[in-house]
>>> print(open('start30.txt').read())   # compact mmCIF, C-alpha atoms and all ligand atoms
# COMPACT_ATOMS: atom_id res chain seq x y z
CA MET A 1 19.72 -57.50 69.95
CA THR A 2 21.11 -55.51 67.01
CA ASN A 3 21.92 -52.52 69.18
CA THR A 4 25.53 -53.29 70.00
CA ILE A 5 26.35 -50.10 71.90
CA PRO A 6 24.24 -49.42 75.02
CA ALA A 7 22.57 -46.01 75.09
CA SER A 8 23.97 -45.42 78.60
CA ARG A 9 27.53 -45.46 77.25
CA PHE A 10 26.63 -42.85 74.63
CA LEU A 11 25.30 -40.45 77.28
CA THR A 12 28.45 -40.84 79.38
CA GLN A 13 30.63 -40.19 76.31
CA MET A 14 28.53 -37.23 75.21
CA ARG A 15 28.74 -35.59 78.64
CA ALA A 16 32.51 -36.18 78.79
CA ARG A 17 33.02 -34.49 75.42
CA ALA A 18 30.36 -31.73 75.67
CA PRO A 19 30.31 -31.40 71.86
CA LEU A 20 29.76 -28.08 70.11
CA VAL A 21 26.61 -28.38 67.99
CA GLN A 22 25.41 -25.83 65.45
CA CYS A 23 21.63 -25.69 65.81
CA ILE A 24 19.76 -23.90 63.06
CA THR A 25 16.38 -24.00 64.71
CA ASN A 26 13.28 -21.82 64.85
CA TYR A 27 12.47 -18.70 66.88
CA VAL A 28 10.06 -20.69 69.08
CA ALA A 29 12.65 -23.34 69.91
CA MET A 30 15.89 -21.41 70.32
CA ASN A 31 15.74 -20.80 74.06
CA ILE A 32 14.38 -24.13 75.24
CA ALA A 33 16.57 -26.08 72.80
CA ALA A 34 19.73 -24.34 74.06
CA ASN A 35 18.71 -25.01 77.67
CA VAL A 36 17.94 -28.66 76.92
CA MET A 37 21.38 -29.04 75.31
CA LEU A 38 23.16 -27.46 78.26
CA ALA A 39 21.21 -29.52 80.80
CA ALA A 40 22.04 -32.73 78.92
CA GLY A 41 25.74 -31.82 78.79
CA ALA A 42 26.26 -30.47 75.25
CA SER A 43 27.37 -27.06 73.99
CA PRO A 44 24.81 -25.48 71.62
CA ALA A 45 25.33 -22.54 69.25
CA MET A 46 22.35 -21.10 67.38
CA VAL A 47 24.09 -19.81 64.23
CA HIS A 48 21.96 -19.40 61.10
CA ALA A 49 22.92 -16.25 59.12
CA PRO A 50 23.99 -17.09 55.54
CA GLU A 51 27.09 -14.91 56.02
CA GLU A 52 28.49 -17.26 58.69
CA ALA A 53 26.47 -20.50 58.82
CA GLY A 54 28.79 -22.35 56.42
CA GLU A 55 31.97 -21.21 58.18
CA PHE A 56 30.56 -22.27 61.54
CA ALA A 57 29.61 -25.74 60.28
CA GLY A 58 33.33 -26.38 59.79
CA ILE A 59 33.96 -25.65 63.49
CA ALA A 60 31.02 -27.53 65.05
CA GLY A 61 31.02 -31.27 65.70
CA ALA A 62 27.59 -31.62 64.08
CA LEU A 63 24.80 -29.53 62.57
CA THR A 64 21.03 -29.65 63.00
CA ILE A 65 18.55 -27.90 60.70
CA ASN A 66 14.93 -27.21 61.62
CA ILE A 67 12.54 -25.41 59.25
CA GLY A 68 10.01 -24.27 61.89
CA THR A 69 10.10 -20.52 61.20
CA LEU A 70 11.33 -20.32 57.67
CA SER A 71 12.33 -17.39 55.46
CA THR A 72 14.37 -17.05 52.27
CA GLN A 73 17.35 -15.78 54.28
CA TRP A 74 17.17 -18.74 56.64
CA ILE A 75 17.06 -21.21 53.76
CA ALA A 76 20.28 -19.69 52.38
CA GLY A 77 21.93 -20.17 55.78
CA MET A 78 20.66 -23.75 56.04
CA GLU A 79 21.92 -24.71 52.61
CA ALA A 80 25.33 -23.11 53.18
CA ALA A 81 25.67 -24.93 56.51
CA ALA A 82 24.58 -28.32 55.14
CA LYS A 83 26.99 -28.05 52.20
CA ALA A 84 29.86 -27.04 54.51
CA ALA A 85 29.06 -29.87 56.95
CA ASN A 86 29.12 -32.35 54.08
CA ALA A 87 32.41 -30.96 52.80
CA ALA A 88 33.93 -31.26 56.29
CA GLY A 89 32.57 -34.79 56.78
CA LYS A 90 30.36 -33.70 59.70
CA PRO A 91 26.94 -35.36 60.12
CA TRP A 92 23.79 -33.26 60.07
CA ALA A 93 20.19 -33.88 61.15
CA LEU A 94 17.01 -32.51 59.57
CA ASP A 95 13.78 -31.63 61.42
CA PRO A 96 11.17 -30.92 58.69
CA VAL A 97 8.61 -29.12 60.87
CA ALA A 98 5.17 -29.01 59.16
CA HIS A 99 6.87 -29.42 55.76
CA TYR A 100 3.56 -30.51 54.23
CA ALA A 101 1.74 -27.30 55.17
CA THR A 102 2.84 -24.93 52.35
CA GLY A 103 4.59 -24.98 49.00
CA PHE A 104 7.41 -22.86 50.46
CA ARG A 105 8.12 -25.46 53.14
CA ARG A 106 7.78 -28.37 50.70
CA ASP A 107 10.31 -26.82 48.29
CA ALA A 108 12.78 -26.00 51.05
CA THR A 109 12.51 -29.53 52.44
CA ARG A 110 13.00 -31.11 49.03
CA SER A 111 16.17 -29.13 48.50
CA LEU A 112 17.47 -29.90 52.03
CA MET A 113 16.76 -33.61 51.55
CA GLY A 114 18.97 -33.40 48.44
CA LEU A 115 21.83 -32.28 50.70
CA LYS A 116 21.88 -35.71 52.35
CA PRO A 117 21.00 -35.44 56.04
CA ALA A 118 22.48 -38.32 58.06
CA ILE A 119 19.41 -38.29 60.30
CA ILE A 120 15.79 -37.19 59.86
CA ARG A 121 13.87 -36.64 63.15
CA ALA A 122 10.19 -35.78 62.95
CA ASN A 123 6.76 -36.60 64.30
CA ALA A 124 4.57 -39.28 62.68
CA SER A 125 2.54 -37.00 60.39
CA GLU A 126 5.71 -35.35 59.07
CA ILE A 127 7.35 -38.72 58.32
CA ILE A 128 4.25 -40.07 56.54
CA ALA A 129 4.07 -36.98 54.31
CA LEU A 130 7.82 -37.03 53.65
CA ALA A 131 7.41 -40.55 52.24
CA GLY A 132 4.62 -39.32 49.95
CA GLY A 133 1.63 -40.35 52.07
CA THR A 134 -1.20 -38.32 53.54
CA GLY A 135 -1.19 -37.93 57.30
CA ALA A 136 -3.52 -36.14 59.69
CA GLY A 137 -1.06 -33.50 60.90
CA LYS A 138 -2.33 -30.07 61.98
CA GLY A 139 0.35 -27.41 61.52
CA VAL A 140 3.34 -28.46 63.63
CA ASP A 141 1.37 -31.08 65.60
CA SER A 142 1.06 -34.75 64.67
CA GLY A 143 -2.35 -36.36 64.16
CA ASP A 144 -1.02 -39.87 63.50
CA SER A 145 0.37 -42.72 65.56
CA VAL A 146 4.04 -43.65 65.32
CA GLU A 147 3.01 -47.20 64.42
CA PHE A 148 1.18 -45.87 61.34
CA ALA A 149 4.40 -44.09 60.26
CA GLU A 150 6.81 -47.01 60.67
CA GLN A 151 6.68 -48.29 57.07
CA SER A 152 7.09 -44.73 55.78
CA ALA A 153 10.16 -44.36 58.00
CA ILE A 154 11.73 -47.57 56.68
CA LEU A 155 11.04 -46.49 53.09
CA LEU A 156 12.59 -43.07 53.68
CA ALA A 157 15.63 -44.54 55.41
CA ARG A 158 16.30 -46.84 52.46
CA GLN A 159 15.64 -44.17 49.80
CA HIS A 160 17.85 -41.56 51.42
CA ARG A 161 20.38 -43.82 53.19
CA ALA A 162 19.62 -41.99 56.41
CA VAL A 163 18.60 -42.83 59.94
CA VAL A 164 14.93 -41.92 60.44
CA ALA A 165 13.50 -41.24 63.91
CA VAL A 166 9.74 -40.97 64.38
CA THR A 167 8.69 -39.65 67.78
CA GLY A 168 5.46 -39.89 69.74
CA GLU A 169 4.13 -42.02 72.57
CA VAL A 170 6.59 -44.80 71.65
CA ASP A 171 9.45 -43.67 69.38
CA PHE A 172 10.70 -45.64 66.36
CA VAL A 173 14.20 -45.43 64.87
CA THR A 174 15.37 -47.19 61.71
CA ASP A 175 18.30 -47.18 59.32
CA GLY A 176 16.30 -49.18 56.79
CA LEU A 177 17.70 -52.51 58.00
CA ARG A 178 17.64 -52.30 61.79
CA SER A 179 15.00 -50.74 63.98
CA ALA A 180 14.36 -49.88 67.62
CA HIS A 181 11.52 -48.67 69.82
CA ILE A 182 12.05 -46.29 72.69
CA HIS A 183 9.51 -46.36 75.53
CA GLY A 184 8.90 -43.84 78.28
CA GLY A 185 8.49 -40.09 78.33
CA SER A 186 5.21 -38.42 79.22
CA ALA A 187 1.95 -37.29 77.63
CA LEU A 188 2.94 -33.81 78.88
CA MET A 189 5.84 -33.67 76.39
CA PRO A 190 3.76 -32.67 73.32
CA LYS A 191 2.16 -29.97 75.55
CA ILE A 192 5.50 -28.12 75.75
CA THR A 193 6.28 -26.25 72.56
CA ALA A 194 9.48 -27.12 70.72
CA LEU A 195 10.48 -30.17 72.74
CA GLY A 196 10.69 -32.11 69.47
CA CYS A 197 12.91 -29.37 68.02
CA SER A 198 15.08 -29.56 71.14
CA LEU A 199 15.37 -33.32 70.71
CA THR A 200 16.64 -32.87 67.16
CA CYS A 201 19.40 -30.61 68.53
CA LEU A 202 20.25 -33.29 71.10
CA VAL A 203 20.47 -35.91 68.35
CA GLY A 204 23.16 -33.63 66.89
CA ALA A 205 25.09 -33.77 70.18
CA PHE A 206 25.11 -37.57 70.27
CA VAL A 207 26.05 -37.99 66.62
CA ALA A 208 28.83 -35.39 66.98
CA VAL A 209 30.49 -37.73 69.46
CA ARG A 210 29.83 -40.91 67.46
CA PRO A 211 29.55 -39.93 63.76
CA ASP A 212 30.41 -43.54 62.94
CA ALA A 213 27.23 -44.82 64.63
CA PRO A 214 24.28 -42.53 63.74
CA PHE A 215 21.68 -45.25 64.38
CA ASP A 216 22.84 -45.94 67.94
CA ALA A 217 23.54 -42.26 68.61
CA THR A 218 19.98 -41.34 67.61
CA ILE A 219 18.55 -44.07 69.84
CA ALA A 220 20.63 -42.76 72.75
CA ALA A 221 19.32 -39.20 72.29
CA LEU A 222 15.71 -40.41 72.22
CA ALA A 223 16.33 -42.68 75.23
CA THR A 224 17.74 -39.68 77.12
CA PHE A 225 14.51 -37.76 76.44
CA ALA A 226 12.33 -40.74 77.36
CA ALA A 227 14.11 -41.38 80.66
CA ALA A 228 14.17 -37.69 81.64
CA GLY A 229 10.52 -37.29 80.64
CA THR A 230 9.47 -40.25 82.78
CA GLU A 231 11.36 -38.80 85.73
CA ALA A 232 10.02 -35.25 85.30
CA ALA A 233 6.43 -36.48 85.07
CA LYS A 234 6.60 -38.09 88.50
CA LEU A 235 6.16 -34.79 90.36
CA ALA A 236 4.93 -32.46 87.60
CA GLU A 237 1.59 -30.73 88.18
CA GLY A 238 1.13 -29.67 84.54
CA PRO A 239 3.09 -28.40 81.51
CA GLY A 240 4.71 -25.50 83.41
CA SER A 241 6.29 -27.51 86.20
CA PHE A 242 7.02 -30.35 83.77
CA GLN A 243 9.19 -28.02 81.69
CA TRP A 244 11.55 -27.02 84.49
CA ARG A 245 11.48 -30.49 86.01
CA PHE A 246 12.45 -31.90 82.60
CA LEU A 247 15.57 -29.70 82.48
CA ASP A 248 16.48 -30.76 86.02
CA ALA A 249 15.87 -34.41 85.15
CA LEU A 250 18.12 -34.16 82.08
CA ALA A 251 20.94 -32.72 84.16
CA ALA A 252 20.56 -35.32 86.94
CA LEU A 253 19.92 -38.30 84.68
CA ASP A 254 21.67 -41.55 85.59
CA PRO A 255 22.89 -43.06 82.28
CA ALA A 256 21.83 -46.51 83.53
CA ALA A 257 18.17 -45.39 83.24
CA LEU A 258 18.46 -45.23 79.43
CA ASP A 259 18.96 -48.86 78.57
CA ALA A 260 15.59 -50.10 79.85
CA THR A 261 13.76 -47.70 77.48
CA VAL A 262 15.18 -49.33 74.31
CA THR A 263 13.99 -52.48 72.52
CA THR A 264 15.65 -53.43 69.24
CA ALA A 265 14.62 -55.66 66.33
N1 LIG B 1 2.18 -39.25 74.28
C1 LIG B 1 3.50 -39.23 74.54
N2 LIG B 1 4.00 -40.00 75.56
C2 LIG B 1 5.32 -40.01 75.82
N3 LIG B 1 6.24 -39.25 75.17
C3 LIG B 1 5.81 -38.47 74.15
C4 LIG B 1 4.44 -38.43 73.78
N4 LIG B 1 4.30 -37.58 72.72
C5 LIG B 1 5.55 -37.13 72.45
N5 LIG B 1 6.45 -37.66 73.29
C6 LIG B 1 7.90 -37.37 73.34
O1 LIG B 1 8.05 -35.97 73.13
C7 LIG B 1 9.26 -35.70 72.41
C8 LIG B 1 8.92 -34.82 71.20
O2 LIG B 1 8.24 -35.66 70.26
P1 LIG B 1 7.03 -35.15 69.36
O3 LIG B 1 5.99 -34.50 70.21
O4 LIG B 1 6.64 -36.33 68.56
O5 LIG B 1 7.78 -34.15 68.40
P2 LIG B 1 7.28 -32.80 67.75
O6 LIG B 1 7.33 -31.84 68.90
O7 LIG B 1 8.28 -32.50 66.70
O8 LIG B 1 5.89 -33.02 67.22
C9 LIG B 1 9.86 -37.06 72.08
O9 LIG B 1 10.86 -37.37 73.05
C10 LIG B 1 8.69 -38.03 72.22
O10 LIG B 1 9.09 -39.33 72.59
C1 LIG B 2 4.76 -23.70 67.33
C2 LIG B 2 5.75 -23.57 66.24
N1 LIG B 2 5.50 -22.82 65.14
C3 LIG B 2 6.48 -22.83 64.26
S1 LIG B 2 7.80 -23.77 64.76
C4 LIG B 2 7.00 -24.19 66.19
C5 LIG B 2 7.61 -25.09 67.21
C6 LIG B 2 7.33 -26.52 66.89
O1 LIG B 2 7.98 -27.35 67.83
P1 LIG B 2 7.79 -28.90 67.87
O2 LIG B 2 7.89 -29.42 66.47
O3 LIG B 2 8.92 -29.39 68.71
O4 LIG B 2 6.44 -29.17 68.49
MG MG B 3 8.43 -31.00 65.42
>>> encode(input="start30.txt", output="structure tokens")
Amino acid sequence: MTNTIPASRFLTQMRARAPLVQCITNYVAMNIAANVMLAAGASPAMVHAPEEAGEFAGIAGALTINIGTLSTQWIAGMEAAAKAANAAGKPWALDPVAHYATGFRRDATRSLMGLKPAIIRANASEIIALAGGTGAGKGVDSGDSVEFAEQSAILLARQHRAVVAVTGEVDFVTDGLRSAHIHGGSALMPKITALGCSLTCLVGAFVAVRPDAPFDATIAALATFAAAGTEAAKLAEGPGSFQWRFLDALAALDPAALDATVTTA
């Protein structure tokens, strides 16, 4: 076992600290992501305007940046925030939603990657394309298996000295040397829009509390989603009831449920 810190301990610490996280996320995700953060025990703030995003990054414990609904103004806010987070020694996580779809997204992602995210969290098609490969993604949705993206993730982690998290049926996390799989969740999760975006915000909450351990913190965030997703699916009748049951499951989650979802290598 290379994972020295159990995921359960991270959730307990995160809830005790309720870290303030600056989430620059998309219009689709803002509401559900903020609710996911509150249910899990964190304190989200959706602050993206270029006039204040950099200042706020100095206050928050961590920053997350998601390019889902991009515009020139938003890119200015993202870059100001990432630079300020770096200057303040705060970790930040990137969610490159559908970065392969247009030149605008590709350029923005290239420049954000240059600002050294500590963590990259994306679906399999996004990770494959980020490493220079060709995936089968359709817009924001993945068309590839996580397994197919694992080598791309390791390559990216080594190139960028970042933790890379690929999500899907079984998640994969690597820092280029170590890796872990996270099992659980539900096939209903990709049927709820912006759950992946919400997870990226939650990664920010865990790494805010343990900036010294981004690999383990990322695993803990994914394990939290997997355990809550498994629980919510037990009584869900479809995507609608799954969504509210997922929030309830996050809030009620017993940290002990996390550890069984993680296998390390
Ligand atoms: N088929 C599946 N079975 C179980 N969990 C899943 C499945 N697909 C996605 N998830 C979970 O849904 C969450 C969002 O991941 P994903 O759908 O890959 O991201 P995105 O929304 O960015 O495409 C993650 O916690 C992931 O583990
Ligand atoms: C549908 C949509 N369109 C632009 S961003 C977005 C949300 C994507 O969310 P996720 O990556 O979590 O599926
Ligand atoms: Mg996504």
>>> residues_near_ligand(input="start30.txt", ligand="ligand LIG 2 (chain B)", cutoff="9 Å", atoms="only C-alpha atoms and all ligand atoms", output="PyMOL selection string")
chain A and resi 25-29+66-70+95-98+122-123+139-142+190-200
>>> write_last_selection(input="start30.txt", atoms="C-alpha atoms", output="short mmCIF file (atom, residue, chain, number, x, y, z; two decimals), keeping the file's coordinate frame")
data_model
loop_
_atom_site.label_atom_id
_atom_site.label_comp_id
_atom_site.auth_asym_id
_atom_site.auth_seq_id
_atom_site.Cartn_x
_atom_site.Cartn_y
_atom_site.Cartn_z
CA THR A 25 16.38 -24.00 64.71
CA ASN A 26 13.28 -21.82 64.85
CA TYR A 27 12.47 -18.70 66.88
CA VAL A 28 10.06 -20.69 69.08
CA ALA A 29 12.65 -23.34 69.91
CA ASN A 66 14.93 -27.21 61.62
CA ILE A 67 12.54 -25.41 59.25
CA GLY A 68 10.01 -24.27 61.89
CA THR A 69 10.10 -20.52 61.20
CA LEU A 70 11.33 -20.32 57.67
CA ASP A 95 13.78 -31.63 61.42
CA PRO A 96 11.17 -30.92 58.69
CA VAL A 97 8.61 -29.12 60.87
CA ALA A 98 5.17 -29.01 59.16
CA ALA A 122 10.19 -35.78 62.95
CA ASN A 123 6.76 -36.60 64.30
CA GLY A 139 0.35 -27.41 61.52
CA VAL A 140 3.34 -28.46 63.63
CA ASP A 141 1.37 -31.08 65.60
CA SER A 142 1.06 -34.75 64.67
CA PRO A 190 3.76 -32.67 73.32
CA LYS A 191 2.16 -29.97 75.55
CA ILE A 192 5.50 -28.12 75.75
CA THR A 193 6.28 -26.25 72.56
CA ALA A 194 9.48 -27.12 70.72
CA LEU A 195 10.48 -30.17 72.74
CA GLY A 196 10.69 -32.11 69.47
CA CYS A 197 12.91 -29.37 68.02
CA SER A 198 15.08 -29.56 71.14
CA LEU A 199 15.37 -33.32 70.71
CA THR A 200 16.64 -32.87 67.16
#
>>> closest_residue(input="start30.txt", among="A:Ala42, A:Ile219, A:Val47, A:Ile32", to="A:Ile119", atoms="all atoms listed in the file")
A:Ile219
>>> closest_residue(input="start30.txt", among="A:Glu169, A:Thr174, A:Ile59, A:Ala205", to="A:Pro44", atoms="all atoms listed in the file")
A:Ala205
>>> residues_around(input="start30.txt", residues="A:Ala62", least_positions_apart="2", cutoff="6 Å", atoms="all atoms listed in the file", output="PyMOL selection string")
chain A and resi 21+60+90-92+204+208
>>> closest_residue(input="start30.txt", among="A:Met14, A:Ala81, A:Ala45, A:Leu235", to="A:Ala249", atoms="only C-alpha atoms")
A:Leu235
>>> residues_around(input="start30.txt", residues="A:Phe215", least_positions_apart="4", cutoff="10 Å", atoms="only C-alpha atoms", output="VMD selection string")
chain A and resid 3 118 to 119 162 to 165 173 to 175 178 to 180 207 210 to 211 219 to 220
>>> write_last_selection(input="start30.txt", atoms="C-alpha atoms", output="PDB file, in the frame of the given file")
ATOM      1  CA  ASN A   3      21.920 -52.520  69.180  1.00  0.00           C
ATOM      2  CA  ALA A 118      22.480 -38.320  58.060  1.00  0.00           C
ATOM      3  CA  ILE A 119      19.410 -38.290  60.300  1.00  0.00           C
ATOM      4  CA  ALA A 162      19.620 -41.990  56.410  1.00  0.00           C
ATOM      5  CA  VAL A 163      18.600 -42.830  59.940  1.00  0.00           C
ATOM      6  CA  VAL A 164      14.930 -41.920  60.440  1.00  0.00           C
ATOM      7  CA  ALA A 165      13.500 -41.240  63.910  1.00  0.00           C
ATOM      8  CA  VAL A 173      14.200 -45.430  64.870  1.00  0.00           C
ATOM      9  CA  THR A 174      15.370 -47.190  61.710  1.00  0.00           C
ATOM     10  CA  ASP A 175      18.300 -47.180  59.320  1.00  0.00           C
ATOM     11  CA  ARG A 178      17.640 -52.300  61.790  1.00  0.00           C
ATOM     12  CA  SER A 179      15.000 -50.740  63.980  1.00  0.00           C
ATOM     13  CA  ALA A 180      14.360 -49.880  67.620  1.00  0.00           C
ATOM     14  CA  VAL A 207      26.050 -37.990  66.620  1.00  0.00           C
ATOM     15  CA  ARG A 210      29.830 -40.910  67.460  1.00  0.00           C
ATOM     16  CA  PRO A 211      29.550 -39.930  63.760  1.00  0.00           C
ATOM     17  CA  ILE A 219      18.550 -44.070  69.840  1.00  0.00           C
ATOM     18  CA  ALA A 220      20.630 -42.760  72.750  1.00  0.00           C
TER      19      ALA A 220
END
>>> atom_distance(input="start30.txt", atom1="atom CA of A:Leu155", atom2="atom CA of A:Cys201")
23.7 Å
>>> residues_around(input="start30.txt", residues="A:Ala76", least_positions_apart="3", cutoff="10 Å", atoms="only C-alpha atoms", output="PyMOL selection string")
chain A and resi 48-51+53-54+71-73+79-81+108
>>> residues_around(input="start30.txt", residues="A:Ser111", least_positions_apart="2", cutoff="12 Å", atoms="only C-alpha atoms", output="NGL selection string")
:A and (67 or 75-76 or 78-80 or 82-83 or 94 or 96 or 99 or 104-109 or 113-117)
>>> closest_residue(input="start30.txt", among="A:His181, A:Arg9, A:Arg161, A:Arg245", to="ligand LIG 1 (chain B)", atoms="all atoms listed in the file")
A:His181
>>> residues_around(input="start30.txt", residues="A:Asp248", least_positions_apart="3", cutoff="8 Å", atoms="all atoms listed in the file", output="PyMOL selection string")
chain A and resi 39+232+244-245+251-252
>>> closest_residue(input="start30.txt", among="A:Gly137, A:Leu202, A:Glu150, A:Ala7", to="A:Leu63", atoms="all atoms listed in the file")
A:Leu202
>>> axis_aligned_box(input="start30.txt", around="ligand LIG 1 (chain B)", padding_each_side="6 Å", output="lines of an AutoDock Vina configuration file")
center_x = 6.5
center_y = -35.9
center_z = 71.3
size_x = 20.7
size_y = 20.2
size_z = 21.1
